[in-house]
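*Asks:* This structure is in structure tokens; I'll ask about it shortly.
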Amino acid sequence: MDKLQQGIDRMQEQKFEEAAKLFTDVIEENPGEPLGYINFGNLLLHMQEYERAERFFERAISLDDTAATAYYGLGNVYYEQDSFTKAQNQFLQAIEKGLDEADVYFLLGMSLVQQDYHKLALPYLSRAAEIDPNDVDIQFQFGLCLAQNEQFDEAERVLKALLDIVPEHADAFYNLGVICIYKEEAEAALDYFNEALKVQSDHMLAAHAKGEVEKALNGK
């Protein structure tokens with residue numbers, strides 16, 4: 001097994017010092033290759049050493065400006081620091097350079113959501129959901145984004161499918177209830193809010209929404 005793979009294995013085992021030593025060896029033995037820098041950047045990112053990680057990813061890009069995973073890593077550095085516009089630009093570059101994985105589309109979509117660009121985010125979250133239909137976070141955020149874009153029927157379909165994967169997803173029940181309110185289906189909304197509270201008794205949003213719906217129904 002080569003040192004690069006050994007370093008990746010050590011990183012996954014949380015043996016960060018051993019991983020750093022192996023990645024350093026890789027860089028010293030192959031100073032013109034970007035992979036050592038990318039993996040050392042990933043290690044630093046995992047350790048929340050963002051400034052150093054940024055330098056390693058930038059070094060990788062200077063060696064190979066087609067290294068898609070370096071742009072992806074750099075995007076993660078900015079995303080973790082809430083620099084969503086800078087993150088968005090790097091994730092776009094990663095996709096343009098050929099990275100076609102659920103995570104990059106998801107994080108690009110979420111970078112746009114964080115900037116309130118829900119319409120722009122939708123195609124990227126849709127692509128992420130298509131690539132990885134079993135990822136709970138991706139499916140949930142895709143459902144939310146559909147609802148933000150007032151595509152309520154499609155949002156309902158996605159969130160119900162999510163409940164097939166995770167039957168006790170309180171936030172999915174809550175948001176299905178909110179969708180029912182927009183569709184003027186108050187009793188169905190109440191059922192969903194009750195389901196959310198069954199799963200999570202201290203779900204404040206569901207409790208508040210349930211109270212409001214009950215008041216409205218009792219006022220009829």
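Every chain in the structure tokens takes a letter, A first, then B, and so on in the order presented; its residues are numbered from 1, and the ligands are numbered from 1 following the presented order.
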Write out as a list in words each polymer residue whose atoms come within 12 Å of Pro123 (chain A), counting only C-alpha atoms; drop sequence neighbours fewer than 5 positions from it.

*Replies:*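 The contact residues come out as Tyr105, Phe106, Leu108, Gly109, Met110, Leu112, Val113, Tyr117, His118, Ala128, Ala129, Glu130, Phe142, Cys145, Leu146 and Asn149 of chain A.
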
*Asks:* Could those residues be written to a file, using all heavy atoms, as a compact mmCIF listing (two decimals), in the first residue's frame?

*Replies:*
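Below you can see out-v2.txt, which holds the result:
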```
# COMPACT_ATOMS: atom_id res chain seq x y z
N TYR A 105 -22.52 19.04 -5.32
CA TYR A 105 -23.78 19.68 -5.71
C TYR A 105 -24.57 20.12 -4.47
O TYR A 105 -25.16 21.20 -4.45
CB TYR A 105 -24.63 18.72 -6.55
CG TYR A 105 -24.07 18.48 -7.93
CD1 TYR A 105 -23.42 17.28 -8.24
CD2 TYR A 105 -24.18 19.45 -8.93
CE1 TYR A 105 -22.90 17.05 -9.51
CE2 TYR A 105 -23.66 19.22 -10.20
CZ TYR A 105 -23.02 18.03 -10.48
OH TYR A 105 -22.50 17.81 -11.73
N PHE A 106 -24.54 19.28 -3.44
CA PHE A 106 -25.26 19.61 -2.21
C PHE A 106 -24.69 20.88 -1.57
O PHE A 106 -25.44 21.80 -1.21
CB PHE A 106 -25.18 18.43 -1.23
CG PHE A 106 -25.79 18.71 0.11
CD1 PHE A 106 -27.14 18.98 0.22
CD2 PHE A 106 -25.02 18.67 1.26
CE1 PHE A 106 -27.73 19.23 1.47
CE2 PHE A 106 -25.59 18.91 2.50
CZ PHE A 106 -26.94 19.19 2.61
N LEU A 108 -22.83 23.19 -2.93
CA LEU A 108 -23.07 24.36 -3.79
C LEU A 108 -24.50 24.86 -3.58
O LEU A 108 -24.74 26.06 -3.40
CB LEU A 108 -22.84 24.00 -5.26
CG LEU A 108 -23.17 25.09 -6.29
CD1 LEU A 108 -22.51 26.42 -5.96
CD2 LEU A 108 -22.77 24.61 -7.69
N GLY A 109 -25.45 23.92 -3.58
CA GLY A 109 -26.84 24.31 -3.33
C GLY A 109 -27.01 24.97 -1.98
O GLY A 109 -27.68 26.01 -1.85
N MET A 110 -26.38 24.41 -0.95
CA MET A 110 -26.51 24.97 0.40
C MET A 110 -25.81 26.33 0.52
O MET A 110 -26.27 27.20 1.27
CB MET A 110 -25.95 23.99 1.44
CG MET A 110 -26.79 22.73 1.60
SD MET A 110 -28.54 23.06 1.94
CE MET A 110 -28.43 23.95 3.49
N LEU A 112 -25.82 28.53 -1.78
CA LEU A 112 -26.80 29.44 -2.36
C LEU A 112 -27.99 29.64 -1.42
O LEU A 112 -28.48 30.76 -1.26
CB LEU A 112 -27.26 28.91 -3.72
CG LEU A 112 -26.17 28.96 -4.81
CD1 LEU A 112 -26.51 28.03 -5.96
CD2 LEU A 112 -25.96 30.38 -5.31
N VAL A 113 -28.43 28.55 -0.77
CA VAL A 113 -29.52 28.67 0.22
C VAL A 113 -29.13 29.63 1.33
O VAL A 113 -29.93 30.48 1.76
CB VAL A 113 -29.87 27.27 0.80
CG1 VAL A 113 -30.73 27.40 2.06
CG2 VAL A 113 -30.58 26.42 -0.24
N TYR A 117 -30.67 32.42 -2.04
CA TYR A 117 -30.89 32.23 -3.48
C TYR A 117 -31.54 30.86 -3.69
O TYR A 117 -30.95 29.95 -4.27
CB TYR A 117 -29.57 32.31 -4.24
CG TYR A 117 -28.86 33.65 -4.15
CD1 TYR A 117 -27.48 33.70 -4.05
CD2 TYR A 117 -29.56 34.84 -4.18
CE1 TYR A 117 -26.80 34.92 -3.97
CE2 TYR A 117 -28.90 36.07 -4.10
CZ TYR A 117 -27.53 36.10 -3.99
OH TYR A 117 -26.87 37.30 -3.92
N HIS A 118 -32.78 30.73 -3.21
CA HIS A 118 -33.43 29.41 -3.21
C HIS A 118 -33.71 28.90 -4.63
O HIS A 118 -33.60 27.70 -4.89
CB HIS A 118 -34.72 29.47 -2.40
CG HIS A 118 -34.49 29.81 -0.97
ND1 HIS A 118 -33.99 28.91 -0.05
CD2 HIS A 118 -34.64 30.97 -0.28
CE1 HIS A 118 -33.87 29.48 1.13
NE2 HIS A 118 -34.25 30.73 1.02
N ALA A 128 -27.99 16.63 -6.53
CA ALA A 128 -27.46 15.89 -5.39
C ALA A 128 -28.43 14.80 -4.95
O ALA A 128 -28.04 13.66 -4.67
CB ALA A 128 -27.18 16.84 -4.23
N ALA A 129 -29.72 15.14 -4.91
CA ALA A 129 -30.75 14.18 -4.50
C ALA A 129 -30.86 13.03 -5.49
O ALA A 129 -31.11 11.89 -5.10
CB ALA A 129 -32.09 14.90 -4.35
N GLU A 130 -30.66 13.35 -6.76
CA GLU A 130 -30.70 12.32 -7.81
C GLU A 130 -29.52 11.35 -7.66
O GLU A 130 -29.69 10.14 -7.79
CB GLU A 130 -30.66 13.00 -9.17
CG GLU A 130 -30.67 12.06 -10.35
CD GLU A 130 -30.46 12.78 -11.68
OE1 GLU A 130 -30.19 14.00 -11.69
OE2 GLU A 130 -30.53 12.11 -12.71
N PHE A 142 -33.35 19.28 0.02
CA PHE A 142 -34.01 19.37 -1.29
C PHE A 142 -35.51 19.61 -1.10
O PHE A 142 -36.10 20.48 -1.76
CB PHE A 142 -33.75 18.08 -2.08
CG PHE A 142 -34.40 18.02 -3.43
CD1 PHE A 142 -34.45 19.14 -4.26
CD2 PHE A 142 -34.97 16.84 -3.88
CE1 PHE A 142 -35.05 19.07 -5.52
CE2 PHE A 142 -35.56 16.76 -5.13
CZ PHE A 142 -35.62 17.88 -5.95
N CYS A 145 -36.07 23.18 0.01
CA CYS A 145 -35.83 24.13 -1.07
C CYS A 145 -37.01 24.13 -2.05
O CYS A 145 -37.43 25.18 -2.54
CB CYS A 145 -34.53 23.81 -1.78
SG CYS A 145 -33.94 25.15 -2.87
N LEU A 146 -37.56 22.96 -2.32
CA LEU A 146 -38.75 22.89 -3.16
C LEU A 146 -39.89 23.68 -2.53
O LEU A 146 -40.60 24.44 -3.22
CB LEU A 146 -39.18 21.43 -3.34
CG LEU A 146 -38.34 20.60 -4.32
CD1 LEU A 146 -38.57 19.11 -4.08
CD2 LEU A 146 -38.67 20.96 -5.77
N ASN A 149 -39.50 27.32 -2.87
CA ASN A 149 -39.83 27.74 -4.24
C ASN A 149 -41.31 27.51 -4.57
O ASN A 149 -41.70 27.60 -5.74
CB ASN A 149 -38.93 27.01 -5.23
CG ASN A 149 -37.52 27.58 -5.28
OD1 ASN A 149 -37.29 28.62 -5.87
ND2 ASN A 149 -36.58 26.91 -4.64
```

*Asks:* Mind listing the alpha helix (DSSP H) residues of region 26-77 of chain A, per DSSP on the backbone, as a PyMOL selection string?

*Replies:* chain A and resi 26-29+34-46+50-63+68-77

*Asks:* Would you export the selected residues with N, CA and C atoms as a tab-separated table (two decimals), in the first residue's frame, please?

*Replies:*
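Final output, saved to part_2.tsv:
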```tsv
chain	number	residue	atom	x	y	z
A	26	VAL	N	4.77	12.08	1.29
A	26	VAL	CA	4.27	12.07	-0.09
A	26	VAL	C	4.65	13.37	-0.79
A	27	ILE	N	4.48	14.49	-0.09
A	27	ILE	CA	4.79	15.81	-0.69
A	27	ILE	C	6.29	15.93	-0.94
A	28	GLU	N	7.09	15.48	0.03
A	28	GLU	CA	8.55	15.59	-0.13
A	28	GLU	C	9.05	14.70	-1.27
A	29	GLU	N	8.44	13.54	-1.43
A	29	GLU	CA	8.86	12.61	-2.48
A	29	GLU	C	8.31	12.98	-3.85
A	34	PRO	N	-0.12	17.21	-7.09
A	34	PRO	CA	-1.10	17.89	-6.21
A	34	PRO	C	-1.72	17.00	-5.14
A	35	LEU	N	-1.72	15.67	-5.32
A	35	LEU	CA	-2.50	14.80	-4.43
A	35	LEU	C	-2.06	14.87	-2.97
A	36	GLY	N	-0.76	14.97	-2.74
A	36	GLY	CA	-0.28	15.08	-1.37
A	36	GLY	C	-0.80	16.33	-0.69
A	37	TYR	N	-0.79	17.44	-1.44
A	37	TYR	CA	-1.28	18.71	-0.89
A	37	TYR	C	-2.78	18.65	-0.64
A	38	ILE	N	-3.53	18.03	-1.56
A	38	ILE	CA	-4.98	17.93	-1.41
A	38	ILE	C	-5.33	17.13	-0.16
A	39	ASN	N	-4.65	16.00	0.03
A	39	ASN	CA	-4.97	15.17	1.18
A	39	ASN	C	-4.52	15.79	2.49
A	40	PHE	N	-3.38	16.49	2.46
A	40	PHE	CA	-2.97	17.20	3.66
A	40	PHE	C	-3.97	18.33	3.94
A	41	GLY	N	-4.46	18.98	2.90
A	41	GLY	CA	-5.50	20.00	3.07
A	41	GLY	C	-6.75	19.43	3.69
A	42	ASN	N	-7.15	18.23	3.24
A	42	ASN	CA	-8.33	17.57	3.81
A	42	ASN	C	-8.13	17.27	5.30
A	43	LEU	N	-6.90	16.85	5.64
A	43	LEU	CA	-6.59	16.57	7.04
A	43	LEU	C	-6.70	17.84	7.88
A	44	LEU	N	-6.13	18.93	7.39
A	44	LEU	CA	-6.18	20.21	8.11
A	44	LEU	C	-7.61	20.73	8.23
A	45	LEU	N	-8.39	20.54	7.16
A	45	LEU	CA	-9.80	20.93	7.18
A	45	LEU	C	-10.53	20.16	8.28
A	46	HIS	N	-10.26	18.86	8.36
A	46	HIS	CA	-10.89	18.01	9.37
A	46	HIS	C	-10.51	18.49	10.78
A	50	TYR	N	-8.17	26.06	9.26
A	50	TYR	CA	-8.66	26.52	7.96
A	50	TYR	C	-7.63	27.30	7.16
A	51	GLU	N	-6.85	28.15	7.82
A	51	GLU	CA	-5.87	28.96	7.07
A	51	GLU	C	-4.80	28.08	6.44
A	52	ARG	N	-4.32	27.10	7.19
A	52	ARG	CA	-3.31	26.19	6.63
A	52	ARG	C	-3.92	25.33	5.53
A	53	ALA	N	-5.14	24.85	5.75
A	53	ALA	CA	-5.81	24.04	4.73
A	53	ALA	C	-5.95	24.82	3.43
A	54	GLU	N	-6.33	26.08	3.54
A	54	GLU	CA	-6.47	26.93	2.36
A	54	GLU	C	-5.17	26.99	1.56
A	55	ARG	N	-4.07	27.15	2.28
A	55	ARG	CA	-2.76	27.23	1.59
A	55	ARG	C	-2.43	25.93	0.86
A	56	PHE	N	-2.75	24.79	1.45
A	56	PHE	CA	-2.45	23.51	0.80
A	56	PHE	C	-3.31	23.31	-0.45
A	57	PHE	N	-4.59	23.66	-0.37
A	57	PHE	CA	-5.45	23.51	-1.55
A	57	PHE	C	-5.01	24.47	-2.66
A	58	GLU	N	-4.63	25.68	-2.28
A	58	GLU	CA	-4.17	26.65	-3.29
A	58	GLU	C	-2.87	26.18	-3.94
A	59	ARG	N	-2.01	25.54	-3.14
A	59	ARG	CA	-0.77	25.00	-3.70
A	59	ARG	C	-1.09	23.89	-4.71
A	60	ALA	N	-2.04	23.04	-4.37
A	60	ALA	CA	-2.43	21.96	-5.29
A	60	ALA	C	-2.95	22.54	-6.60
A	61	ILE	N	-3.76	23.61	-6.51
A	61	ILE	CA	-4.32	24.24	-7.72
A	61	ILE	C	-3.22	24.88	-8.55
A	62	SER	N	-2.21	25.44	-7.87
A	62	SER	CA	-1.10	26.06	-8.61
A	62	SER	C	-0.31	25.00	-9.39
A	63	LEU	N	-0.29	23.78	-8.88
A	63	LEU	CA	0.41	22.68	-9.57
A	63	LEU	C	-0.44	22.08	-10.69
A	68	ALA	N	-9.95	18.96	-9.61
A	68	ALA	CA	-11.30	19.29	-9.14
A	68	ALA	C	-11.44	19.17	-7.63
A	69	THR	N	-10.81	18.14	-7.03
A	69	THR	CA	-10.99	17.94	-5.59
A	69	THR	C	-10.29	19.03	-4.77
A	70	ALA	N	-9.31	19.71	-5.36
A	70	ALA	CA	-8.67	20.83	-4.66
A	70	ALA	C	-9.65	22.00	-4.55
A	71	TYR	N	-10.39	22.27	-5.63
A	71	TYR	CA	-11.41	23.33	-5.58
A	71	TYR	C	-12.50	22.95	-4.58
A	72	TYR	N	-12.87	21.68	-4.57
A	72	TYR	CA	-13.88	21.21	-3.64
A	72	TYR	C	-13.41	21.41	-2.19
A	73	GLY	N	-12.15	21.03	-1.93
A	73	GLY	CA	-11.60	21.23	-0.59
A	73	GLY	C	-11.58	22.69	-0.19
A	74	LEU	N	-11.18	23.55	-1.12
A	74	LEU	CA	-11.14	24.98	-0.85
A	74	LEU	C	-12.55	25.51	-0.59
A	75	GLY	N	-13.52	25.00	-1.34
A	75	GLY	CA	-14.91	25.37	-1.10
A	75	GLY	C	-15.35	25.01	0.31
A	76	ASN	N	-14.94	23.82	0.78
A	76	ASN	CA	-15.26	23.40	2.14
A	76	ASN	C	-14.64	24.31	3.18
A	77	VAL	N	-13.41	24.75	2.93
A	77	VAL	CA	-12.74	25.67	3.86
A	77	VAL	C	-13.59	26.94	4.02
```

*Asks:* Rank A:Ile165, A:Leu159, A:Phe91, A:Ala216 by their smallest atom-to-atom distance to Glu187 (chain A), using only C-alpha atoms, and report the top residue only.

*Replies:* A:Ala216

*Asks:* Could you tell me which of A:Asn134, A:Ser111, A:Ser126, A:Asn175 comes closest to Ala188 (chain A) if we count only C-alpha atoms?

*Replies:*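 Among the listed residues, the smallest separation from Ala188 (chain A) belongs to A:Asn175.
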
*Asks:* Any idea what's packed within 9 Å of Leu162 (chain A), counting only C-alpha atoms, ignoring anything in its chain fewer than 3 positions away? Could you give it as a list of chain:residue names?

*Replies:*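 Final neighbour list, sorted by chain and number: A:Asn134, A:Asp135, A:Val136, A:Gln139, A:Phe140, A:Gly143, A:Arg157, A:Val158, A:Leu159, A:Ile165, A:Val166, A:Pro167, A:His169, A:Ala172.
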